[in-house]
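Structure data (PDB, C-alpha atoms, pLDDT in the B column) from run_32.pdb:
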```pdb
MODEL        1
ATOM      1  CA  LEU D   1       0.000   0.000   0.000  1.00 71.00           C
ATOM      2  CA  GLY D   2       3.020   2.214  -0.200  1.00 76.00           C
ATOM      3  CA  ALA D   3       3.596   1.934  -3.946  1.00 83.00           C
ATOM      4  CA  TRP D   4       3.406   5.715  -4.391  1.00 83.00           C
ATOM      5  CA  TYR D   5       5.832   6.260  -1.488  1.00 82.00           C
ATOM      6  CA  HIS D   6       8.356   3.642  -2.596  1.00 87.00           C
ATOM      7  CA  ALA D   7       8.108   4.706  -6.237  1.00 94.00           C
ATOM      8  CA  THR D   8       9.179   8.237  -5.319  1.00 94.00           C
ATOM      9  CA  LYS D   9      12.101   6.895  -3.268  1.00 91.00           C
ATOM     10  CA  HIS D  10      13.260   4.725  -6.176  1.00 93.00           C
ATOM     11  CA  ALA D  11      12.832   7.626  -8.598  1.00 96.00           C
ATOM     12  CA  LEU D  12      15.005   9.870  -6.419  1.00 95.00           C
ATOM     13  CA  GLU D  13      17.638   7.151  -6.161  1.00 95.00           C
ATOM     14  CA  GLY D  14      17.730   6.691  -9.935  1.00 96.00           C
ATOM     15  CA  TRP D  15      17.805  10.432 -10.502  1.00 97.00           C
ATOM     16  CA  SER D  16      20.640  10.813  -7.985  1.00 97.00           C
ATOM     17  CA  ASP D  17      22.626   8.021  -9.658  1.00 96.00           C
ATOM     18  CA  SER D  18      22.243   9.752 -13.017  1.00 97.00           C
ATOM     19  CA  LEU D  19      23.081  13.197 -11.624  1.00 97.00           C
ATOM     20  CA  ARG D  20      26.201  11.836  -9.958  1.00 96.00           C
ATOM     21  CA  LEU D  21      27.540  10.749 -13.355  1.00 97.00           C
ATOM     22  CA  GLU D  22      26.512  13.964 -15.105  1.00 97.00           C
ATOM     23  CA  LEU D  23      27.837  16.341 -12.437  1.00 97.00           C
ATOM     24  CA  ASN D  24      31.105  14.546 -11.721  1.00 95.00           C
ATOM     25  CA  GLN D  25      32.897  16.557 -14.422  1.00 97.00           C
ATOM     26  CA  PHE D  26      32.113  19.712 -12.432  1.00 97.00           C
ATOM     27  CA  GLY D  27      33.413  18.290  -9.141  1.00 94.00           C
ATOM     28  CA  ILE D  28      29.905  18.016  -7.711  1.00 95.00           C
ATOM     29  CA  ASP D  29      29.211  14.978  -5.527  1.00 95.00           C
ATOM     30  CA  VAL D  30      25.701  13.573  -5.392  1.00 97.00           C
ATOM     31  CA  VAL D  31      24.977  11.613  -2.232  1.00 97.00           C
ATOM     32  CA  ILE D  32      22.021   9.422  -1.300  1.00 97.00           C
ATOM     33  CA  ILE D  33      20.860   9.191   2.306  1.00 97.00           C
ATOM     34  CA  GLU D  34      18.969   5.945   2.940  1.00 95.00           C
ATOM     35  CA  PRO D  35      17.031   6.350   6.175  1.00 93.00           C
ATOM     36  CA  GLY D  36      15.721   3.552   8.300  1.00 90.00           C
ATOM     37  CA  ILE D  37      12.737   4.030  10.575  1.00 87.00           C
ATOM     38  CA  ILE D  38      12.798   7.626  11.723  1.00 88.00           C
ATOM     39  CA  ILE D  39      10.483   8.924  14.423  1.00 86.00           C
ATOM     40  CA  THR D  40       8.263  11.440  12.655  1.00 82.00           C
ATOM     41  CA  GLU D  41       4.555  11.986  12.193  1.00 79.00           C
ATOM     42  CA  PHE D  42       4.601   9.528   9.276  1.00 73.00           C
ATOM     43  CA  SER D  43       2.861   6.795  11.284  1.00 69.00           C
ATOM     44  CA  GLU D  44       0.079   9.163  12.355  1.00 74.00           C
ATOM     45  CA  VAL D  45      -0.381  10.481   8.805  1.00 74.00           C
ATOM     46  CA  LEU D  46      -0.499   6.916   7.527  1.00 70.00           C
ATOM     47  CA  GLU D  47      -3.027   5.981  10.186  1.00 69.00           C
ATOM     48  CA  ASP D  48      -5.234   9.015   9.517  1.00 71.00           C
ATOM     49  CA  ASN D  49      -5.237   8.510   5.746  1.00 70.00           C
ATOM     50  CA  PHE D  50      -5.836   4.787   6.005  1.00 66.00           C
ATOM     51  CA  ALA D  51      -8.644   5.282   8.508  1.00 64.00           C
ATOM     52  CA  ALA D  52     -10.279   7.798   6.170  1.00 66.00           C
ATOM     53  CA  SER D  53     -10.072   5.420   3.218  1.00 64.00           C
ATOM     54  CA  GLN D  54     -11.430   2.369   5.006  1.00 64.00           C
ATOM     55  CA  GLY D  55     -14.817   0.980   4.409  1.00 66.00           C
ATOM     56  CA  ASP D  56     -16.120  -1.934   2.473  1.00 72.00           C
ATOM     57  CA  GLN D  57     -13.407  -2.194  -0.166  1.00 77.00           C
ATOM     58  CA  PRO D  58     -10.849  -4.746  -1.363  1.00 79.00           C
ATOM     59  CA  TYR D  59      -8.004  -3.212   0.670  1.00 77.00           C
ATOM     60  CA  SER D  60      -9.850  -2.962   4.002  1.00 76.00           C
ATOM     61  CA  GLU D  61      -8.251  -6.021   5.617  1.00 79.00           C
ATOM     62  CA  ILE D  62      -4.670  -5.217   4.636  1.00 78.00           C
ATOM     63  CA  ILE D  63      -5.142  -1.537   5.548  1.00 77.00           C
ATOM     64  CA  THR D  64      -6.135  -2.569   9.067  1.00 76.00           C
ATOM     65  CA  LYS D  65      -3.149  -4.936   9.371  1.00 79.00           C
ATOM     66  CA  LEU D  66      -0.623  -2.460   7.948  1.00 77.00           C
ATOM     67  CA  SER D  67      -1.928   0.315  10.145  1.00 75.00           C
ATOM     68  CA  LYS D  68      -1.592  -1.886  13.236  1.00 77.00           C
ATOM     69  CA  ALA D  69       1.927  -3.058  12.249  1.00 76.00           C
ATOM     70  CA  SER D  70       3.076   0.509  11.620  1.00 75.00           C
ATOM     71  CA  LYS D  71       1.726   1.716  14.945  1.00 74.00           C
ATOM     72  CA  GLU D  72       3.393  -1.183  16.772  1.00 74.00           C
ATOM     73  CA  GLN D  73       6.761  -0.440  15.151  1.00 72.00           C
ATOM     74  CA  TYR D  74       6.710   3.133  16.427  1.00 69.00           C
ATOM     75  CA  GLU D  75       5.348   2.180  19.852  1.00 68.00           C
ATOM     76  CA  LYS D  76       8.103  -0.388  20.365  1.00 67.00           C
ATOM     77  CA  GLY D  77      10.713   2.349  19.934  1.00 70.00           C
ATOM     78  CA  ASN D  78      12.021   0.888  16.706  1.00 74.00           C
ATOM     79  CA  GLY D  79      12.709   4.308  15.262  1.00 85.00           C
ATOM     80  CA  SER D  80      15.605   6.704  15.439  1.00 90.00           C
ATOM     81  CA  PRO D  81      15.318  10.418  16.130  1.00 92.00           C
ATOM     82  CA  PRO D  82      15.518  12.768  13.114  1.00 93.00           C
ATOM     83  CA  SER D  83      18.849  14.013  14.481  1.00 96.00           C
ATOM     84  CA  VAL D  84      20.432  10.766  13.202  1.00 97.00           C
ATOM     85  CA  ILE D  85      19.670  11.859   9.645  1.00 97.00           C
ATOM     86  CA  ALA D  86      20.771  15.440  10.312  1.00 97.00           C
ATOM     87  CA  LYS D  87      24.128  14.135  11.595  1.00 98.00           C
ATOM     88  CA  THR D  88      24.485  11.890   8.542  1.00 98.00           C
ATOM     89  CA  VAL D  89      23.808  14.786   6.174  1.00 97.00           C
ATOM     90  CA  SER D  90      26.368  16.875   8.060  1.00 98.00           C
ATOM     91  CA  LYS D  91      28.903  14.041   7.833  1.00 97.00           C
ATOM     92  CA  ALA D  92      28.374  13.749   4.074  1.00 97.00           C
ATOM     93  CA  ILE D  93      28.716  17.502   3.588  1.00 96.00           C
ATOM     94  CA  LYS D  94      31.954  17.681   5.602  1.00 97.00           C
ATOM     95  CA  ALA D  95      33.587  14.652   3.915  1.00 96.00           C
ATOM     96  CA  LYS D  96      36.383  15.385   1.447  1.00 94.00           C
ATOM     97  CA  ARG D  97      35.290  12.313  -0.528  1.00 94.00           C
ATOM     98  CA  PRO D  98      31.723  11.539   0.505  1.00 96.00           C
ATOM     99  CA  LYS D  99      30.317   8.069   0.095  1.00 96.00           C
ATOM    100  CA  THR D 100      27.770   7.568  -2.646  1.00 96.00           C
ATOM    101  CA  ARG D 101      25.247   6.205  -0.145  1.00 96.00           C
ATOM    102  CA  TYR D 102      24.781   6.552   3.587  1.00 97.00           C
ATOM    103  CA  ALA D 103      22.407   4.252   5.469  1.00 96.00           C
ATOM    104  CA  ALA D 104      21.307   5.730   8.791  1.00 97.00           C
ATOM    105  CA  GLY D 105      18.674   5.086  11.393  1.00 93.00           C
ATOM    106  CA  LYS D 106      17.266   1.934  12.901  1.00 89.00           C
ATOM    107  CA  LEU D 107      16.952  -1.016  10.554  1.00 88.00           C
ATOM    108  CA  ALA D 108      18.471   0.846   7.570  1.00 92.00           C
ATOM    109  CA  LYS D 109      21.644  -1.234   7.310  1.00 94.00           C
ATOM    110  CA  PRO D 110      20.054  -4.587   8.185  1.00 91.00           C
ATOM    111  CA  MET D 111      17.263  -4.087   5.634  1.00 90.00           C
ATOM    112  CA  ILE D 112      19.752  -3.214   2.898  1.00 92.00           C
ATOM    113  CA  ALA D 113      21.831  -6.288   3.779  1.00 94.00           C
ATOM    114  CA  ILE D 114      18.809  -8.585   3.876  1.00 94.00           C
ATOM    115  CA  ARG D 115      17.645  -7.226   0.525  1.00 91.00           C
ATOM    116  CA  LYS D 116      20.970  -8.226  -1.015  1.00 92.00           C
ATOM    117  CA  ILE D 117      21.013 -11.698   0.545  1.00 96.00           C
ATOM    118  CA  VAL D 118      17.500 -13.072   0.139  1.00 95.00           C
ATOM    119  CA  SER D 119      15.492 -13.623  -3.025  1.00 96.00           C
ATOM    120  CA  ASP D 120      12.731 -11.218  -4.021  1.00 93.00           C
ATOM    121  CA  ARG D 121      10.063 -13.758  -3.137  1.00 96.00           C
ATOM    122  CA  SER D 122      11.616 -14.403   0.282  1.00 94.00           C
ATOM    123  CA  PHE D 123      11.826 -10.676   0.939  1.00 91.00           C
ATOM    124  CA  ASP D 124       8.176 -10.267  -0.094  1.00 89.00           C
ATOM    125  CA  ARG D 125       7.143 -13.035   2.321  1.00 91.00           C
ATOM    126  CA  MET D 126       9.160 -11.423   5.096  1.00 88.00           C
ATOM    127  CA  VAL D 127       7.535  -8.032   4.533  1.00 83.00           C
ATOM    128  CA  MET D 128       4.042  -9.487   4.330  1.00 83.00           C
ATOM    129  CA  SER D 129       4.597 -11.498   7.518  1.00 84.00           C
ATOM    130  CA  MET D 130       4.856  -8.173   9.365  1.00 76.00           C
ATOM    131  CA  VAL D 131       1.308  -7.221   8.425  1.00 74.00           C
ATOM    132  CA  LYS D 132      -0.462 -10.422   9.426  1.00 71.00           C
TER     133      LYS D 132
ENDMDL
END
```
Let me see whether you can do it: turn the structure in this file into structure tokens.
Amino acid sequence: LGAWYHATKHALEGWSDSLRLELNQFGIDVVIIEPGIIITEFSEVLEDNFAASQGDQPYSEIITKLSKASKEQYEKGNGSPPSVIAKTVSKAIKAKRPKTRYAAGKLAKPMIAIRKIVSDRSFDRMVMSMVK
């Protein structure tokens, strides 16, 4: 149910990869910050929008499950404060040779590692198991 959200993240990553190649000749570094779970109002916004869109529709059951899973993640303290991302941005800016990508925040590095190790179908099952 986050296709729109994930599509924009992938688009920005692809755009950044392309810009990095194009701007290299001018000495401009393009850096990608890959955040994990960051404590923001995102969970509340998700909850409010999902609650407003519920009713008798094909997505009702999964909306309820995803909403509950999202709320539980934030309640369990599985997020990092926004300052983690601010510090990462500062680190990238101050670096003489910044990395292409910085993963920061809770679960960012493990999720990237898992994504590289397991098959797409296994990853899909893992994600869907969180909303059951």
Carefully work through the PyMOL selection byres ((chain D and resi 29-43) around 9) for this structure and note down the residues it includes, as a ChimeraX atom specification.
/D:12-13,16-17,19-21,23-24,26-28,44-48,67,70-71,73-74,77-82,84-85,88-89,92,97-109,111
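The smallest atom-to-atom distance between Met130 in chain D and any of D:Ala113, D:Trp15, D:Lys96, D:Ile62, using all atoms listed in the file, is found for D:Ile62.
Taking CA of Lys68 in chain D and CA of Val131 in chain D as endpoints, the distance between them is 7.7 Å.
You will find CA of Gln25 in chain D at 20.1 Å from CA of Lys94 in chain D.
CA of Lys65 in chain D is positioned 20.2 Å from CA of Arg121 in chain D.
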Could you give me the axis-aligned bounding box of range 95-110 of chain D, with 6 Å of padding per side, as centre plus edge lengths in Å to one decimal, as AutoDock Vina command-line options?
```
--center_x 26.7 --center_y 5.4 --center_z 5.1 --size_x 31.4 --size_y 32.0 --size_z 27.5
```
Shortest contact to Ser60 in chain D, candidates D:Leu1, D:Ile93, D:Pro110, D:Arg125, atoms counted only C-alpha atoms, goes to D:Leu1
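With all atoms listed in the file as the atoms that count, the minimum distance from Ile114 in chain D to the choices D:Ala95, D:Val127, D:Ile63, D:Ala11 is reached by D:Val127.
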